[in-house]
Amino acid sequence: MNTPLKLTDRKRQAIVEAAIAEFRVSGFESTSMDKIAATAGVSKRTVYNHFPSKDELFAQILHELWNSFAEQEARPYDPAVPLRDQLLDLLWKKMAMLQDGYFLDLARVAIAESIHSPERAQEMVTRLTRKEEEAVVWLRAAQADGKLLKADPMLTPQMLTGQLKTFAFWPQVTLNQPPLDAAMQKKVVEATVDMFLAYAG
């Protein structure tokens, strides 16, 4: 059972959500703390009490984006479970994250700002690169078990998730398309896994 958020936590979350909305519309540089306060329905002082600067507010957005990735814990490779089942489990978890509206809003803001100011998102890029190492460990274990023959552990994780993002991330982030419906999600996940196994299995 979820514990209700305290008033101060609700205000903090409202500020973050307001910042995401305003950064999406106007960009980081053109968005003022006054505008964020108005959109959040709080005073400017309240905004500064939680976030002394816009940079710290943006850092919180990146932190929440990272948490979304970090929650996607990769299961260790299990030689007793069919490879296809393990890959399906992996991609279904990633699909759920990629199609979450709040995650997509976070990603839109982070990607847009990283284009204008790459240094703001450099730490995030480094952390995500490290996160991808979990998939590398999984693939190497599958290779050692003789289940993947042509998989380059440094290349194939990007191939696998990139195929998913082609349908379930980039159109939503860049073109504001709606999330995929359940039938299309199933089609994309299963086709991605089967294409991957046809190449590397």
# chains A, B, ... in the order shown; residues from 1 in each chain; ligands from 1

call {"tool": "closest_atom_pairs", "arguments": {"of": "range 125-198 of chain A", "to": "range 95-114 of chain A", "cutoff": "9 Å", "atoms": "only C-alpha atoms", "output": "CSV"}}
result
residue,atom,partner,partner_atom,distance
A:Leu164,CA,A:Met95,CA,7.6
A:Lys165,CA,A:Leu98,CA,7.8
A:Ala168,CA,A:Leu98,CA,6.4
A:Phe169,CA,A:Leu98,CA,5.8
A:Gln172,CA,A:Leu104,CA,7.4
A:Val173,CA,A:Arg108,CA,5.6
A:Thr174,CA,A:Arg108,CA,7.6
A:Pro178,CA,A:Gln99,CA,8.9
A:Pro179,CA,A:Gln99,CA,5.6
A:Leu180,CA,A:Gln99,CA,7.3
A:Gln185,CA,A:Met95,CA,7.5
A:Val189,CA,A:Met95,CA,7.7

call {"tool": "write_last_selection", "arguments": {"atoms": "N, CA and C atoms", "output": "mmCIF file, in the first residue's frame"}}
result
data_model
loop_
_atom_site.group_PDB
_atom_site.id
_atom_site.type_symbol
_atom_site.label_atom_id
_atom_site.label_comp_id
_atom_site.auth_asym_id
_atom_site.auth_seq_id
_atom_site.Cartn_x
_atom_site.Cartn_y
_atom_site.Cartn_z
ATOM 1 N N LEU A 164 13.642 -1.758 -30.566
ATOM 2 C CA LEU A 164 12.454 -1.456 -29.757
ATOM 3 C C LEU A 164 12.146 0.046 -29.786
ATOM 4 N N LYS A 165 13.181 0.853 -29.608
ATOM 5 C CA LYS A 165 12.994 2.306 -29.554
ATOM 6 C C LYS A 165 12.541 2.888 -30.885
ATOM 7 N N ALA A 168 8.816 2.326 -30.252
ATOM 8 C CA ALA A 168 8.192 2.576 -28.949
ATOM 9 C C ALA A 168 8.864 3.687 -28.147
ATOM 10 N N PHE A 169 9.679 4.504 -28.789
ATOM 11 C CA PHE A 169 10.298 5.607 -28.056
ATOM 12 C C PHE A 169 10.484 6.850 -28.926
ATOM 13 N N GLN A 172 7.368 8.705 -30.228
ATOM 14 C CA GLN A 172 6.642 9.369 -29.145
ATOM 15 C C GLN A 172 7.409 10.605 -28.666
ATOM 16 N N VAL A 173 8.731 10.511 -28.596
ATOM 17 C CA VAL A 173 9.539 11.624 -28.088
ATOM 18 C C VAL A 173 9.682 12.740 -29.116
ATOM 19 N N THR A 174 9.966 12.377 -30.366
ATOM 20 C CA THR A 174 10.258 13.394 -31.370
ATOM 21 C C THR A 174 9.028 13.876 -32.139
ATOM 22 N N PRO A 178 1.195 8.911 -29.992
ATOM 23 C CA PRO A 178 0.693 8.251 -28.781
ATOM 24 C C PRO A 178 1.444 6.953 -28.517
ATOM 25 N N PRO A 179 1.423 6.488 -27.273
ATOM 26 C CA PRO A 179 2.028 5.181 -26.965
ATOM 27 C C PRO A 179 1.397 4.081 -27.818
ATOM 28 N N LEU A 180 2.126 3.023 -28.024
ATOM 29 C CA LEU A 180 1.605 1.891 -28.786
ATOM 30 C C LEU A 180 0.495 1.198 -28.016
ATOM 31 N N GLN A 185 2.395 -3.324 -29.122
ATOM 32 C CA GLN A 185 3.509 -3.585 -28.214
ATOM 33 C C GLN A 185 3.941 -5.048 -28.315
ATOM 34 N N VAL A 189 7.625 -6.288 -29.589
ATOM 35 C CA VAL A 189 8.499 -7.035 -28.679
ATOM 36 C C VAL A 189 8.853 -8.401 -29.265
#

call {"tool": "closest_residue", "arguments": {"among": "A:Pro171, A:Asp85, A:Asp145, A:Val42", "to": "Leu197 in chain A", "atoms": "only C-alpha atoms"}}
result
A:Asp85

call {"tool": "closest_residue", "arguments": {"among": "A:Met195, A:Lys147, A:Ala59, A:Ala21", "to": "Thr39 in chain A", "atoms": "only C-alpha atoms"}}
result
A:Ala21

call {"tool": "select_by_dssp", "arguments": {"residues": "range 5-200 of chain A", "states": "helix (DSSP H, G or I)", "output": "VMD selection string"}}
result
chain A and resid 7 to 26 33 to 40 44 to 50 54 to 70 83 to 98 101 to 116 118 to 144 156 to 168 170 to 175 182 to 200

call {"tool": "closest_residue", "arguments": {"among": "A:Glu119, A:Glu17, A:Asp89, A:Asp9", "to": "Asp55 in chain A", "atoms": "only C-alpha atoms"}}
result
A:Glu119

call {"tool": "atom_distance", "arguments": {"atom1": "CA of Ser68 in chain A", "atom2": "CA of Leu90 in chain A"}}
result
14.7 Å

call {"tool": "atom_distance", "arguments": {"atom1": "CA of Trp92 in chain A", "atom2": "CA of Ala200 in chain A"}}
result
19.6 Å

call {"tool": "closest_residue", "arguments": {"among": "A:Pro82, A:Glu22, A:Phe167, A:Lys94", "to": "Asp181 in chain A", "atoms": "only C-alpha atoms"}}
result
A:Phe167
